[in-house]
There are 2 protein chains.
Amino acid sequence: MASAVTNETTRTPVTRDRALRAAVALADAGGIESLSMRKLARELGIEAMSLYYHVKSKDEILDGMVELVVGEMVLARSDAEWKTALRERAESARTVLARHPWAISLMDARNTPASMRFHDEMIGCLVAGGFSIPLAAHALSLVDSYVHGFALQEASLPLDESGDIAAATESIMEKRDMTAFPYLTRMAVEHILQPGYAYGHEFEFGIRLILDGLETALTSVDL
Amino acid sequence: MASAVTNETTRTPVTRDRALRAAVALADAGGIESLSMRKLARELGIEAMSLYYHVKSKDEILDGMVELVVGEMVLARSDAEWKTALRERAESARTVLARHPWAISLMDARNTPASMRFHDEMIGCLVAGGFSIPLAAHALSLVDSYVHGFALQEASLPLDESGDIAAATESIMEKRDMTAFPYLTRMAVEHILQPGYAYGHEFEFGIRLILDGLETALTSVDL
DNA sequence: GAGGTGACCGTACGGTGTAAGGTCGTGCTC
DNA sequence: GAGCACGACCTTACACCGTACGGTCACCTC
């Protein structure tokens, strides 16, 4: 479905939902700082001020965008084992946040209904799995911190347009004097620049370590 | 000296460093979005455009601010045990980022000399402790993701001015219909609203779990 | 027709980063 | 002392931002 303008007669009417989706698309394409009311309006074929008919403020748009993004994440299935559920949830969150990097800082700063549901469901699953409330709080804080932090790092990787980390890493290393950083150099050469390397692999390692650690904490002592 | 006109108060001359420190102070006080060239200039007693004598662009200011913030963090002591060094580094980073919450997203997106030093030193310490390069990469990614993610969550806690999490939590719960989120409610009542609760405690749990997990990974198998 | 309403638009204000060029005291050279 | 370079700062201007306030106009119901 092409967007933009069209003929004088027809224009699919703007709705709040359509505006929010367009906003997400704009932010995906150009980063959150490139999302302005005027650009969003242009995308929808209307004028800037007309957006305020559908929405109270830009802030409300940001809230709605977070809501959409959180909605893309799978909820923890409370019928599954806690470890499976937690892993699925974490991986889903990471994938979604990689798609919408601008949402990472936003979603922590705003708790919308969807994100509260997202948390509530997870706690339920943990409690069903034998977690005490304090241990569930620890687990939630730990996993979410890791996932969001990882997404943040992943989002700001030195990628060129092709998504190739190797080329971008090399170009950075050429620009700076690397002799001052021997270990970073080693890590780049021996690890990152190796064929088949992908930063995503680090996530697998981290989330497994965390889940195993939580299992130990669960089975050993009751906190 | 310089009698005549203007103010009797002689203005200490602006330097790049003084400008950067003022910028950090402004961001600390009002968040990064409240930092503008004009406000910064006013703070320094000059006009906006005069800043461009000391600095090439606002972006360069942001870089310099990150540099200052990273400079506040303690480096990993390479003479210490890796676990101690890693813990100290993580705790220091968390403390500093709590002081400068606006820096969290910035520092991931910009790698300045100071942040590269910060990483290089840590890798050196890990390697000295017996880590392979790939395992060191895993460890670094894991710990930094956790620390930054935690800082992000901590920064957007619902605190009122007094820093009291209980009052703020209660006010949120009053505003929404909490019957839809039974587990969140339980967690609030049984955990967060308990006397003596502080979100910082969650960090202790997480970082220990991670460090213990890394130790296991180090001693068990060579990755 | 009258009136209401839903969807949209025009104008304006105070804010933003910064390009381009101007000013003015100080210190150096001759 | 005259001339001048230069460091530090300023003025103006532009394009963009969010949004307060009010206007327009097709359509529906009575």
# chains A, B, ... in the order shown; residues from 1 in each chain; ligands from 1
call {"tool": "interface_residues", "arguments": {"of": "chain A", "to": "chain C", "cutoff": "12 Å", "atoms": "only C-alpha atoms (C1' of nucleotides)", "output": "mmCIF file with N, CA and C atoms, in the first residue's frame"}}
result
data_model
loop_
_atom_site.group_PDB
_atom_site.id
_atom_site.type_symbol
_atom_site.label_atom_id
_atom_site.label_comp_id
_atom_site.auth_asym_id
_atom_site.auth_seq_id
_atom_site.Cartn_x
_atom_site.Cartn_y
_atom_site.Cartn_z
ATOM 1 N N PRO A 13 -8.668 8.055 5.851
ATOM 2 C CA PRO A 13 -8.733 8.970 6.986
ATOM 3 C C PRO A 13 -7.711 8.578 8.049
ATOM 4 N N VAL A 14 -7.174 9.578 8.675
ATOM 5 C CA VAL A 14 -6.193 9.350 9.726
ATOM 6 C C VAL A 14 -6.909 8.901 10.997
ATOM 7 N N THR A 15 -6.353 7.906 11.614
ATOM 8 C CA THR A 15 -6.841 7.524 12.931
ATOM 9 C C THR A 15 -5.667 7.563 13.890
ATOM 10 N N ALA A 41 2.965 14.313 10.161
ATOM 11 C CA ALA A 41 1.772 14.787 9.461
ATOM 12 C C ALA A 41 1.931 14.638 7.949
ATOM 13 N N GLY A 45 -0.261 12.715 5.132
ATOM 14 C CA GLY A 45 -0.991 13.517 4.165
ATOM 15 C C GLY A 45 -1.824 14.616 4.779
ATOM 16 N N ILE A 46 -1.529 15.001 6.003
ATOM 17 C CA ILE A 46 -2.256 16.098 6.627
ATOM 18 C C ILE A 46 -1.263 17.155 7.123
ATOM 19 N N GLU A 47 -1.774 18.173 7.768
ATOM 20 C CA GLU A 47 -0.904 19.203 8.313
ATOM 21 C C GLU A 47 -0.604 18.921 9.780
ATOM 22 N N ALA A 48 0.464 19.531 10.263
ATOM 23 C CA ALA A 48 0.949 19.222 11.608
ATOM 24 C C ALA A 48 -0.142 19.365 12.665
ATOM 25 N N MET A 49 -0.821 20.489 12.639
ATOM 26 C CA MET A 49 -1.763 20.766 13.706
ATOM 27 C C MET A 49 -2.953 19.819 13.721
ATOM 28 N N SER A 50 -3.184 19.180 12.604
ATOM 29 C CA SER A 50 -4.315 18.242 12.540
ATOM 30 C C SER A 50 -4.056 17.006 13.388
ATOM 31 N N LEU A 51 -2.793 16.749 13.660
ATOM 32 C CA LEU A 51 -2.475 15.604 14.512
ATOM 33 C C LEU A 51 -3.093 15.772 15.891
ATOM 34 N N TYR A 52 -3.228 17.038 16.294
ATOM 35 C CA TYR A 52 -3.705 17.281 17.646
ATOM 36 C C TYR A 52 -5.193 17.009 17.793
ATOM 37 N N TYR A 53 -5.812 16.715 16.709
ATOM 38 C CA TYR A 53 -7.178 16.236 16.827
ATOM 39 C C TYR A 53 -7.199 14.799 17.339
ATOM 40 N N HIS A 54 -6.228 14.028 16.919
ATOM 41 C CA HIS A 54 -6.196 12.601 17.273
ATOM 42 C C HIS A 54 -5.444 12.338 18.560
#
call {"tool": "interface_residues", "arguments": {"of": "chain A", "to": "chain B", "cutoff": "7 Å", "atoms": "only C-alpha atoms", "output": "PDB file with all heavy atoms, in the first residue's frame"}}
result
ATOM      1  N   ASP A 108      11.615   2.240  29.437  1.00  0.00           N
ATOM      2  CA  ASP A 108      11.896   2.216  30.860  1.00  0.00           C
ATOM      3  C   ASP A 108      11.300   3.428  31.547  1.00  0.00           C
ATOM      4  O   ASP A 108      10.925   3.375  32.710  1.00  0.00           O
ATOM      5  CB  ASP A 108      13.409   2.178  31.088  1.00  0.00           C
ATOM      6  CG  ASP A 108      13.977   0.823  30.771  1.00  0.00           C
ATOM      7  OD1 ASP A 108      13.644  -0.135  31.474  1.00  0.00           O
ATOM      8  OD2 ASP A 108      14.751   0.712  29.804  1.00  0.00           O
ATOM      9  N   ALA A 109      11.241   4.517  30.811  1.00  0.00           N
ATOM     10  CA  ALA A 109      10.803   5.760  31.427  1.00  0.00           C
ATOM     11  C   ALA A 109       9.275   5.875  31.502  1.00  0.00           C
ATOM     12  O   ALA A 109       8.753   6.747  32.179  1.00  0.00           O
ATOM     13  CB  ALA A 109      11.383   6.950  30.667  1.00  0.00           C
ATOM     14  N   ARG A 117       1.314  -5.189  32.028  1.00  0.00           N
ATOM     15  CA  ARG A 117       0.866  -6.558  31.739  1.00  0.00           C
ATOM     16  C   ARG A 117       2.071  -7.467  31.503  1.00  0.00           C
ATOM     17  O   ARG A 117       2.166  -8.582  32.006  1.00  0.00           O
ATOM     18  CB  ARG A 117      -0.034  -6.526  30.503  1.00  0.00           C
ATOM     19  CG  ARG A 117      -0.219  -7.795  29.715  1.00  0.00           C
ATOM     20  CD  ARG A 117      -1.555  -8.507  29.988  1.00  0.00           C
ATOM     21  NE  ARG A 117      -1.760  -8.890  31.378  1.00  0.00           N
ATOM     22  CZ  ARG A 117      -2.682  -8.383  32.207  1.00  0.00           C
ATOM     23  NH1 ARG A 117      -3.518  -7.483  31.767  1.00  0.00           N
ATOM     24  NH2 ARG A 117      -2.761  -8.784  33.463  1.00  0.00           N
ATOM     25  N   ASP A 120       3.582  -8.199  34.833  1.00  0.00           N
ATOM     26  CA  ASP A 120       2.701  -8.969  35.707  1.00  0.00           C
ATOM     27  C   ASP A 120       2.691 -10.441  35.317  1.00  0.00           C
ATOM     28  O   ASP A 120       2.831 -11.328  36.145  1.00  0.00           O
ATOM     29  CB  ASP A 120       1.281  -8.389  35.629  1.00  0.00           C
ATOM     30  CG  ASP A 120       0.400  -8.882  36.759  1.00  0.00           C
ATOM     31  OD1 ASP A 120       0.592  -8.402  37.890  1.00  0.00           O
ATOM     32  OD2 ASP A 120      -0.447  -9.760  36.518  1.00  0.00           O
ATOM     33  N   ILE A 123       5.878 -12.188  36.421  1.00  0.00           N
ATOM     34  CA  ILE A 123       5.927 -12.488  37.852  1.00  0.00           C
ATOM     35  C   ILE A 123       5.048 -13.693  38.163  1.00  0.00           C
ATOM     36  O   ILE A 123       5.446 -14.599  38.898  1.00  0.00           O
ATOM     37  CB  ILE A 123       5.460 -11.274  38.686  1.00  0.00           C
ATOM     38  CG1 ILE A 123       6.313 -10.049  38.361  1.00  0.00           C
ATOM     39  CG2 ILE A 123       5.551 -11.585  40.170  1.00  0.00           C
ATOM     40  CD1 ILE A 123       5.783  -8.765  38.979  1.00  0.00           C
ATOM     41  N   GLY A 124       3.872 -13.706  37.578  1.00  0.00           N
ATOM     42  CA  GLY A 124       2.984 -14.837  37.778  1.00  0.00           C
ATOM     43  C   GLY A 124       3.651 -16.149  37.435  1.00  0.00           C
ATOM     44  O   GLY A 124       3.560 -17.136  38.173  1.00  0.00           O
ATOM     45  N   ILE A 133       8.360 -13.893  46.241  1.00  0.00           N
ATOM     46  CA  ILE A 133       8.185 -12.562  45.653  1.00  0.00           C
ATOM     47  C   ILE A 133       9.507 -11.793  45.588  1.00  0.00           C
ATOM     48  O   ILE A 133       9.850 -11.233  44.539  1.00  0.00           O
ATOM     49  CB  ILE A 133       7.108 -11.761  46.409  1.00  0.00           C
ATOM     50  CG1 ILE A 133       5.717 -12.306  46.073  1.00  0.00           C
ATOM     51  CG2 ILE A 133       7.171 -10.277  46.076  1.00  0.00           C
ATOM     52  CD1 ILE A 133       5.197 -11.911  44.706  1.00  0.00           C
ATOM     53  N   PRO A 134      10.297 -11.770  46.653  1.00  0.00           N
ATOM     54  CA  PRO A 134      11.577 -11.057  46.546  1.00  0.00           C
ATOM     55  C   PRO A 134      12.488 -11.664  45.488  1.00  0.00           C
ATOM     56  O   PRO A 134      13.115 -10.930  44.721  1.00  0.00           O
ATOM     57  CB  PRO A 134      12.182 -11.224  47.948  1.00  0.00           C
ATOM     58  CG  PRO A 134      11.024 -11.415  48.840  1.00  0.00           C
ATOM     59  CD  PRO A 134      10.024 -12.190  48.043  1.00  0.00           C
ATOM     60  N   HIS A 138      14.091  -9.878  42.177  1.00  0.00           N
ATOM     61  CA  HIS A 138      15.494  -9.936  41.773  1.00  0.00           C
ATOM     62  C   HIS A 138      15.613 -10.419  40.328  1.00  0.00           C
ATOM     63  O   HIS A 138      16.324  -9.831  39.509  1.00  0.00           O
ATOM     64  CB  HIS A 138      16.272 -10.906  42.674  1.00  0.00           C
ATOM     65  CG  HIS A 138      16.397 -10.463  44.080  1.00  0.00           C
ATOM     66  ND1 HIS A 138      16.256  -9.143  44.474  1.00  0.00           N
ATOM     67  CD2 HIS A 138      16.640 -11.157  45.236  1.00  0.00           C
ATOM     68  CE1 HIS A 138      16.412  -9.058  45.779  1.00  0.00           C
ATOM     69  NE2 HIS A 138      16.644 -10.270  46.273  1.00  0.00           N
ATOM     70  N   SER A 141      14.333  -7.840  37.732  1.00  0.00           N
ATOM     71  CA  SER A 141      15.254  -6.716  37.589  1.00  0.00           C
ATOM     72  C   SER A 141      16.499  -7.144  36.836  1.00  0.00           C
ATOM     73  O   SER A 141      16.973  -6.442  35.929  1.00  0.00           O
ATOM     74  CB  SER A 141      15.640  -6.189  38.976  1.00  0.00           C
ATOM     75  OG  SER A 141      16.791  -5.382  38.897  1.00  0.00           O
ATOM     76  N   LEU A 142      17.000  -8.299  37.194  1.00  0.00           N
ATOM     77  CA  LEU A 142      18.233  -8.785  36.557  1.00  0.00           C
ATOM     78  C   LEU A 142      18.037  -9.026  35.067  1.00  0.00           C
ATOM     79  O   LEU A 142      18.791  -8.510  34.229  1.00  0.00           O
ATOM     80  CB  LEU A 142      18.687 -10.066  37.272  1.00  0.00           C
ATOM     81  CG  LEU A 142      19.828 -10.873  36.675  1.00  0.00           C
ATOM     82  CD1 LEU A 142      21.022  -9.996  36.343  1.00  0.00           C
ATOM     83  CD2 LEU A 142      20.245 -11.984  37.648  1.00  0.00           C
ATOM     84  N   SER A 145      17.167  -5.757  33.134  1.00  0.00           N
ATOM     85  CA  SER A 145      18.355  -4.912  33.024  1.00  0.00           C
ATOM     86  C   SER A 145      19.272  -5.455  31.939  1.00  0.00           C
ATOM     87  O   SER A 145      19.758  -4.703  31.081  1.00  0.00           O
ATOM     88  CB  SER A 145      19.112  -4.872  34.351  1.00  0.00           C
ATOM     89  OG  SER A 145      18.397  -4.132  35.309  1.00  0.00           O
ATOM     90  N   TYR A 146      19.498  -6.743  31.986  1.00  0.00           N
ATOM     91  CA  TYR A 146      20.406  -7.320  30.993  1.00  0.00           C
ATOM     92  C   TYR A 146      19.870  -7.138  29.579  1.00  0.00           C
ATOM     93  O   TYR A 146      20.590  -6.697  28.682  1.00  0.00           O
ATOM     94  CB  TYR A 146      20.645  -8.804  31.283  1.00  0.00           C
ATOM     95  CG  TYR A 146      21.518  -9.454  30.233  1.00  0.00           C
ATOM     96  CD1 TYR A 146      22.803  -8.976  29.980  1.00  0.00           C
ATOM     97  CD2 TYR A 146      21.048 -10.525  29.469  1.00  0.00           C
ATOM     98  CE1 TYR A 146      23.601  -9.550  29.005  1.00  0.00           C
ATOM     99  CE2 TYR A 146      21.844 -11.103  28.495  1.00  0.00           C
ATOM    100  CZ  TYR A 146      23.118 -10.610  28.263  1.00  0.00           C
ATOM    101  OH  TYR A 146      23.901 -11.172  27.290  1.00  0.00           O
ATOM    102  N   HIS A 148      17.694  -5.019  28.347  1.00  0.00           N
ATOM    103  CA  HIS A 148      17.675  -3.634  27.879  1.00  0.00           C
ATOM    104  C   HIS A 148      19.086  -3.120  27.642  1.00  0.00           C
ATOM    105  O   HIS A 148      19.356  -2.414  26.676  1.00  0.00           O
ATOM    106  CB  HIS A 148      16.936  -2.755  28.879  1.00  0.00           C
ATOM    107  CG  HIS A 148      15.487  -3.096  29.001  1.00  0.00           C
ATOM    108  ND1 HIS A 148      14.602  -2.385  29.752  1.00  0.00           N
ATOM    109  CD2 HIS A 148      14.759  -4.099  28.445  1.00  0.00           C
ATOM    110  CE1 HIS A 148      13.392  -2.929  29.668  1.00  0.00           C
ATOM    111  NE2 HIS A 148      13.478  -3.976  28.884  1.00  0.00           N
ATOM    112  N   GLY A 149      19.979  -3.447  28.551  1.00  0.00           N
ATOM    113  CA  GLY A 149      21.363  -3.028  28.367  1.00  0.00           C
ATOM    114  C   GLY A 149      21.967  -3.635  27.125  1.00  0.00           C
ATOM    115  O   GLY A 149      22.669  -2.956  26.361  1.00  0.00           O
ATOM    116  N   PHE A 150      21.667  -4.907  26.906  1.00  0.00           N
ATOM    117  CA  PHE A 150      22.196  -5.551  25.715  1.00  0.00           C
ATOM    118  C   PHE A 150      21.645  -4.888  24.457  1.00  0.00           C
ATOM    119  O   PHE A 150      22.377  -4.620  23.498  1.00  0.00           O
ATOM    120  CB  PHE A 150      21.844  -7.040  25.708  1.00  0.00           C
ATOM    121  CG  PHE A 150      22.526  -7.801  24.609  1.00  0.00           C
ATOM    122  CD1 PHE A 150      23.774  -8.361  24.817  1.00  0.00           C
ATOM    123  CD2 PHE A 150      21.934  -7.946  23.358  1.00  0.00           C
ATOM    124  CE1 PHE A 150      24.420  -9.056  23.809  1.00  0.00           C
ATOM    125  CE2 PHE A 150      22.578  -8.625  22.343  1.00  0.00           C
ATOM    126  CZ  PHE A 150      23.819  -9.177  22.568  1.00  0.00           C
ATOM    127  N   GLN A 153      23.464  -1.698  23.799  1.00  0.00           N
ATOM    128  CA  GLN A 153      24.793  -1.896  23.215  1.00  0.00           C
ATOM    129  C   GLN A 153      24.660  -2.308  21.763  1.00  0.00           C
ATOM    130  O   GLN A 153      25.383  -1.834  20.887  1.00  0.00           O
ATOM    131  CB  GLN A 153      25.549  -2.986  23.966  1.00  0.00           C
ATOM    132  CG  GLN A 153      25.541  -2.829  25.462  1.00  0.00           C
ATOM    133  CD  GLN A 153      26.928  -2.737  26.047  1.00  0.00           C
ATOM    134  OE1 GLN A 153      27.620  -1.742  25.842  1.00  0.00           O
ATOM    135  NE2 GLN A 153      27.319  -3.766  26.767  1.00  0.00           N
ATOM    136  N   SER A 156      23.964   0.396  19.323  1.00  0.00           N
ATOM    137  CA  SER A 156      24.987   1.391  19.017  1.00  0.00           C
ATOM    138  C   SER A 156      26.276   0.723  18.563  1.00  0.00           C
ATOM    139  O   SER A 156      27.351   1.282  18.719  1.00  0.00           O
ATOM    140  CB  SER A 156      25.234   2.257  20.236  1.00  0.00           C
ATOM    141  OG  SER A 156      25.515   1.464  21.350  1.00  0.00           O
ATOM    142  N   PHE A 181      45.680   0.788  22.930  1.00  0.00           N
ATOM    143  CA  PHE A 181      44.671  -0.159  23.420  1.00  0.00           C
ATOM    144  C   PHE A 181      44.987  -1.569  22.935  1.00  0.00           C
ATOM    145  O   PHE A 181      44.281  -2.107  22.074  1.00  0.00           O
ATOM    146  CB  PHE A 181      43.281   0.267  22.959  1.00  0.00           C
ATOM    147  CG  PHE A 181      42.971   1.707  23.248  1.00  0.00           C
ATOM    148  CD1 PHE A 181      42.785   2.620  22.212  1.00  0.00           C
ATOM    149  CD2 PHE A 181      42.864   2.161  24.554  1.00  0.00           C
ATOM    150  CE1 PHE A 181      42.486   3.943  22.478  1.00  0.00           C
ATOM    151  CE2 PHE A 181      42.572   3.495  24.833  1.00  0.00           C
ATOM    152  CZ  PHE A 181      42.380   4.390  23.791  1.00  0.00           C
ATOM    153  N   TYR A 183      44.642  -4.565  24.196  1.00  0.00           N
ATOM    154  CA  TYR A 183      43.682  -5.654  24.402  1.00  0.00           C
ATOM    155  C   TYR A 183      42.449  -5.488  23.534  1.00  0.00           C
ATOM    156  O   TYR A 183      41.909  -6.456  23.011  1.00  0.00           O
ATOM    157  CB  TYR A 183      43.297  -5.736  25.878  1.00  0.00           C
ATOM    158  CG  TYR A 183      44.437  -6.201  26.738  1.00  0.00           C
ATOM    159  CD1 TYR A 183      45.135  -5.314  27.551  1.00  0.00           C
ATOM    160  CD2 TYR A 183      44.844  -7.531  26.715  1.00  0.00           C
ATOM    161  CE1 TYR A 183      46.187  -5.743  28.339  1.00  0.00           C
ATOM    162  CE2 TYR A 183      45.901  -7.971  27.498  1.00  0.00           C
ATOM    163  CZ  TYR A 183      46.567  -7.071  28.302  1.00  0.00           C
ATOM    164  OH  TYR A 183      47.614  -7.500  29.063  1.00  0.00           O
ATOM    165  N   LEU A 184      42.015  -4.252  23.383  1.00  0.00           N
ATOM    166  CA  LEU A 184      40.909  -4.014  22.453  1.00  0.00           C
ATOM    167  C   LEU A 184      41.306  -4.460  21.058  1.00  0.00           C
ATOM    168  O   LEU A 184      40.501  -5.055  20.331  1.00  0.00           O
ATOM    169  CB  LEU A 184      40.538  -2.520  22.438  1.00  0.00           C
ATOM    170  CG  LEU A 184      39.520  -2.062  23.469  1.00  0.00           C
ATOM    171  CD1 LEU A 184      39.289  -0.571  23.344  1.00  0.00           C
ATOM    172  CD2 LEU A 184      38.210  -2.811  23.274  1.00  0.00           C
ATOM    173  N   MET A 187      41.152  -8.161  20.871  1.00  0.00           N
ATOM    174  CA  MET A 187      39.774  -8.636  20.843  1.00  0.00           C
ATOM    175  C   MET A 187      39.156  -8.412  19.469  1.00  0.00           C
ATOM    176  O   MET A 187      38.417  -9.263  18.959  1.00  0.00           O
ATOM    177  CB  MET A 187      38.938  -7.921  21.909  1.00  0.00           C
ATOM    178  CG  MET A 187      37.536  -8.471  22.019  1.00  0.00           C
ATOM    179  SD  MET A 187      36.661  -7.855  23.476  1.00  0.00           S
ATOM    180  CE  MET A 187      37.388  -8.854  24.769  1.00  0.00           C
ATOM    181  N   HIS A 191      38.741 -11.908  17.637  1.00  0.00           N
ATOM    182  CA  HIS A 191      37.379 -12.318  17.984  1.00  0.00           C
ATOM    183  C   HIS A 191      36.369 -11.697  17.028  1.00  0.00           C
ATOM    184  O   HIS A 191      35.726 -12.391  16.252  1.00  0.00           O
ATOM    185  CB  HIS A 191      37.097 -11.913  19.433  1.00  0.00           C
ATOM    186  CG  HIS A 191      35.815 -12.466  19.977  1.00  0.00           C
ATOM    187  ND1 HIS A 191      35.501 -13.803  19.991  1.00  0.00           N
ATOM    188  CD2 HIS A 191      34.753 -11.837  20.549  1.00  0.00           C
ATOM    189  CE1 HIS A 191      34.302 -13.982  20.533  1.00  0.00           C
ATOM    190  NE2 HIS A 191      33.830 -12.808  20.869  1.00  0.00           N
ATOM    191  N   GLU A 202      26.704 -13.169  21.801  1.00  0.00           N
ATOM    192  CA  GLU A 202      26.994 -12.809  23.187  1.00  0.00           C
ATOM    193  C   GLU A 202      25.724 -12.901  24.036  1.00  0.00           C
ATOM    194  O   GLU A 202      25.784 -13.221  25.222  1.00  0.00           O
ATOM    195  CB  GLU A 202      27.573 -11.387  23.269  1.00  0.00           C
ATOM    196  CG  GLU A 202      28.675 -11.063  22.289  1.00  0.00           C
ATOM    197  CD  GLU A 202      30.007 -11.692  22.683  1.00  0.00           C
ATOM    198  OE1 GLU A 202      30.064 -12.341  23.742  1.00  0.00           O
ATOM    199  OE2 GLU A 202      30.979 -11.537  21.919  1.00  0.00           O
ATOM    200  N   PHE A 205      25.084 -16.446  25.389  1.00  0.00           N
ATOM    201  CA  PHE A 205      25.939 -16.727  26.542  1.00  0.00           C
ATOM    202  C   PHE A 205      25.390 -16.075  27.812  1.00  0.00           C
ATOM    203  O   PHE A 205      25.253 -16.726  28.846  1.00  0.00           O
ATOM    204  CB  PHE A 205      27.355 -16.213  26.267  1.00  0.00           C
ATOM    205  CG  PHE A 205      28.287 -16.332  27.433  1.00  0.00           C
ATOM    206  CD1 PHE A 205      29.020 -17.495  27.633  1.00  0.00           C
ATOM    207  CD2 PHE A 205      28.425 -15.282  28.343  1.00  0.00           C
ATOM    208  CE1 PHE A 205      29.871 -17.606  28.725  1.00  0.00           C
ATOM    209  CE2 PHE A 205      29.277 -15.393  29.428  1.00  0.00           C
ATOM    210  CZ  PHE A 205      29.995 -16.555  29.622  1.00  0.00           C
ATOM    211  N   GLY A 206      25.069 -14.812  27.704  1.00  0.00           N
ATOM    212  CA  GLY A 206      24.643 -14.056  28.882  1.00  0.00           C
ATOM    213  C   GLY A 206      23.333 -14.554  29.454  1.00  0.00           C
ATOM    214  O   GLY A 206      23.217 -14.747  30.673  1.00  0.00           O
ATOM    215  N   LEU A 209      23.767 -17.900  31.190  1.00  0.00           N
ATOM    216  CA  LEU A 209      24.440 -17.753  32.490  1.00  0.00           C
ATOM    217  C   LEU A 209      23.474 -17.229  33.548  1.00  0.00           C
ATOM    218  O   LEU A 209      23.424 -17.727  34.679  1.00  0.00           O
ATOM    219  CB  LEU A 209      25.631 -16.809  32.332  1.00  0.00           C
ATOM    220  CG  LEU A 209      26.574 -16.652  33.521  1.00  0.00           C
ATOM    221  CD1 LEU A 209      27.986 -16.335  33.024  1.00  0.00           C
ATOM    222  CD2 LEU A 209      26.116 -15.572  34.482  1.00  0.00           C
ATOM    223  N   ILE A 210      22.690 -16.252  33.170  1.00  0.00           N
ATOM    224  CA  ILE A 210      21.753 -15.664  34.130  1.00  0.00           C
ATOM    225  C   ILE A 210      20.675 -16.662  34.545  1.00  0.00           C
ATOM    226  O   ILE A 210      20.372 -16.833  35.731  1.00  0.00           O
ATOM    227  CB  ILE A 210      21.126 -14.386  33.533  1.00  0.00           C
ATOM    228  CG1 ILE A 210      22.168 -13.266  33.492  1.00  0.00           C
ATOM    229  CG2 ILE A 210      19.913 -13.951  34.335  1.00  0.00           C
ATOM    230  CD1 ILE A 210      21.713 -11.993  32.810  1.00  0.00           C
ATOM    231  N   GLY A 213      22.064 -19.223  36.789  1.00  0.00           N
ATOM    232  CA  GLY A 213      22.287 -18.642  38.104  1.00  0.00           C
ATOM    233  C   GLY A 213      20.997 -18.521  38.887  1.00  0.00           C
ATOM    234  O   GLY A 213      20.965 -18.781  40.100  1.00  0.00           O
TER     235      GLY A 213
END
call {"tool": "closest_atom_pairs", "arguments": {"of": "chain D", "to": "chain A", "cutoff": "10 Å", "atoms": "only C-alpha atoms (C1' of nucleotides)", "output": "tab-separated table"}}
result
residue	atom	partner	partner_atom	distance
D:DC16	C1'	A:Ser36	CA	9.7
D:DC17	C1'	A:Ser36	CA	7.4
D:DG18	C1'	A:Met37	CA	7.7
D:DT19	C1'	A:Met49	CA	8.1
call {"tool": "select_by_dssp", "arguments": {"residues": "region 46-92 of chain B", "states": "helix (DSSP H, G or I)", "output": "NGL selection string"}}
result
:B and (48-54 or 58-72 or 82-92)
call {"tool": "residues_around", "arguments": {"residues": "region 68-83 of chain B", "least_positions_apart": "4", "cutoff": "8 Å", "atoms": "only C-alpha atoms (C1' of nucleotides)", "output": "PyMOL selection string"}}
result
chain B and resi 21+64+87-89+92-93+96-97+100+103+114-115+118+121-122+124-126+128-129+211
call {"tool": "closest_residue", "arguments": {"among": "A:Ala167, A:Val66, A:Val55, A:Leu35", "to": "Ala23 (chain A)", "atoms": "only C-alpha atoms"}}
result
A:Leu35
